[in-house]
Amino acid sequence: MSDPHNVFLISSALVAVIGLVVLITAAKLNPILGLIVVSVALGIAAGMPFVKAMQSFETGVGATLGHIALIVALGTMLGKMMAESGAAERIAHDLVAFFGEKRVPWAMALIGIIVGLPAFFEVGFVLLVPVAFTVARRTGKSILLVGLPMLAGLSVAHGLVPPHPAATMAVTIFRADMGRTIFLGLAIGMVAAALAGPLFAQFAARRIQVSGEGGMAEQISEHHLPRALPGFWLSLFTILLPVLLMILGSCADALVAAGSGPNAMLHFIGNDDIALLIGVLVSFLTLGRAQGIARSTILRFTNECLAPTATITLLVGCGGGFGRILQDSGVSQAIVGAVTQSHFSLLLLAWLMAAALRLATGSATVATTTAAAIVAPIAAHAGAVRPELLVLATGAGSLIFSHVNDGGFWLVKEYFNLTVVQTLKTWSVCETIISVTGLVLTLAAARFI
């Protein structure tokens with residue numbers, strides 16, 4: 001950290017983030033324009049050639065959109081079918097009836113963990129957000145009181161619990177026991193999700209008033225065609241089908257011989273985009289034709305819901321561009337270097353390394369895998385900490401304070417119709433509670449294991 005150039009890079013990144021918030025909130029600049037201006041300005045300030053800075057930003061946008069564009073589009077189509085057919089209302093009604101209105105936030109947190117286990121955060125988000133909006137309307141509760149617990153559940157599964165891809169890769173890198181990691185991850189994750197979800201949501205919902213629903217919420221509103229609602233189990237099967245396919249894909253090597261035709265097929269249908277595509281096509285049958293909705297009407301639904309996704313998709317892509325600028329300008333390396341030079345326990349080092357990478361790149365998956373690769377050789381020589389705890393400490397660090405270079409930040413902002421400051425006060429704080437709670441509980445577990 002004593003290197004003046006590294007100090008300058010980290011300070012410049014901090015100024016860039018603050019500047020972006022000011023441009024969007026005080027100057028009322030469109031967030032997409034703000035991200036472009038701040039990203040390129042940071043690259044130039046860090047010493048990148050003018051053209052290289054813009055090329056780096058474009059590369060980050062393209063790489064991010066390659067993952068997120070299809071997910072948002074397909075997830076929105078599935079959400080539209082669930083709304084128009086009444087499936088989202090059916091699930092919401094039965095959830096409220098079973099758990100009771102007072103326990104709905106807890107139910108949403110649990111559902112978030114279940115759906116989030118095999119799926120990346122963005123996939124789980126677009127699958128569950130129609131249910132969250134419908135539950136909020138039916139109970140008359142703030143979307144924060146219903147949505148934040150769902151987000152907390154998804155985030156916990158993303159960072160702490162295999163078979164989610166990031167946690168699974170960390171298990172492999174640290175050579176941890178999969179079963180023990182799942183058990184500890186669920187135990188710690190459920191406590192973290194409870195604090196960051198239902199409990200924090202009650203605090204946030206009383207203090208932050210969310211304005212009227214935005215364009216994305218309108219696409220999944222309860223204006224379905226007048227007819228009997230589809231059955232609960234049919235509705236649940238339709239929304240969980242992509243999740244089940246992803247689980248099959250992740251277990252393909254354990255189910256059939258690697259390299260075989262069936263193995264390749266399971267990996268294919270377990271791909272995020274293919275699983276969602278199959279889910280959308282099946283919804284046309286289970287929630288469309290089976291409910292008496294004409295093909296022309298289904299086509300109209302899928303056309304109507306795509307237009308509002310343009311803003312979200314571009315925002316997420318520009319967030320990826322900002323993250324790429326942080327990497328190519330050397331800011332990410334400066335942050336990691338500053339953490340590496342500090343002398344901490346291995347668990348704290350793993351957490352700090354992942355946290356630094358998360359803040360620098362915006363990706364929890366990149367933070368987990370990169371930090372694990374850095375810390376694993378050190379841990380192998382030290383040999384004083386259980387590898388399962390290192391997996392959890394790394395995963396917890398990767399969830400720290402989601403901000404403007406994280407695609408999930410913009411998804412939450414746009415779908416929940418929040419301002420940037422409101423998103424920082426709610427979603428970013430929710431993530432930080434999970435991260436810090438995960439670290440504290442992992443350090444506590446280390447005293448007994």
# chains A, B, ... in the order shown; residues from 1 in each chain; ligands from 1
$ select_by_dssp --residues "stretch 187-356 of chain A" --states "alpha helix (DSSP H)" --output "VMD selection string"
chain A and resid 187 to 194 200 to 207 215 to 219 232 to 250 252 to 255 261 to 269 272 to 283 295 to 304 309 to 328 331 to 340 346 to 356
$ residues_around --residues "A:Gly317" --least-positions-apart "5" --cutoff "9 Å" --atoms "only C-alpha atoms" --output "list in words"
Gly60, Val61, Gly62, Ala63, Thr64, Leu65, Gly66, Ile68, Ala69, Ile312, Phe322 and Gly407 of chain A
$ residues_around --residues "stretch 148-152 of chain A" --least-positions-apart "5" --cutoff "10 Å" --atoms "only C-alpha atoms" --output "count of residues only"
45
$ atom_distance --atom1 "atom CA of A:Ala371" --atom2 "atom CA of A:Leu357"
7.5 Å
$ residues_around --residues "stretch 276-293 of chain A" --least-positions-apart "5" --cutoff "12 Å" --atoms "only C-alpha atoms" --output "NGL selection string"
:A and (70-88 or 90 or 119 or 122-124 or 126-127 or 224-246 or 268-271 or 298-302)
$ atom_distance --atom1 "atom CA of A:Leu418" --atom2 "atom CA of A:Val156"
22.2 Å
$ residues_around --residues "stretch 43-47 of chain A" --least-positions-apart "4" --cutoff "8 Å" --atoms "only C-alpha atoms" --output "compact mmCIF listing (two decimals) with N, CA and C atoms, in the first residue's frame"
# COMPACT_ATOMS: atom_id res chain seq x y z
N LEU A 9 -4.07 4.94 -7.65
CA LEU A 9 -5.05 4.14 -8.37
C LEU A 9 -6.28 3.86 -7.52
N SER A 12 -8.24 7.00 -7.00
CA SER A 12 -8.95 7.37 -8.23
C SER A 12 -10.23 6.55 -8.39
N SER A 39 -16.18 5.64 -16.33
CA SER A 39 -15.29 4.52 -16.65
C SER A 39 -14.12 4.97 -17.51
N ALA A 53 -8.64 2.94 -23.38
CA ALA A 53 -9.64 3.03 -22.31
C ALA A 53 -11.02 2.70 -22.86
N ILE A 325 -12.54 -1.81 -16.81
CA ILE A 325 -11.62 -0.68 -16.69
C ILE A 325 -10.80 -0.81 -15.40
N LEU A 326 -11.46 -1.20 -14.31
CA LEU A 326 -10.76 -1.38 -13.04
C LEU A 326 -9.66 -2.44 -13.17
N SER A 329 -6.81 -1.15 -15.93
CA SER A 329 -6.05 0.03 -15.51
C SER A 329 -5.08 -0.26 -14.38
N GLY A 330 -5.21 -1.44 -13.77
CA GLY A 330 -4.32 -1.81 -12.68
C GLY A 330 -4.91 -1.56 -11.30
$ atom_distance --atom1 "atom CA of A:Thr442" --atom2 "atom CA of A:Thr423"
27.4 Å
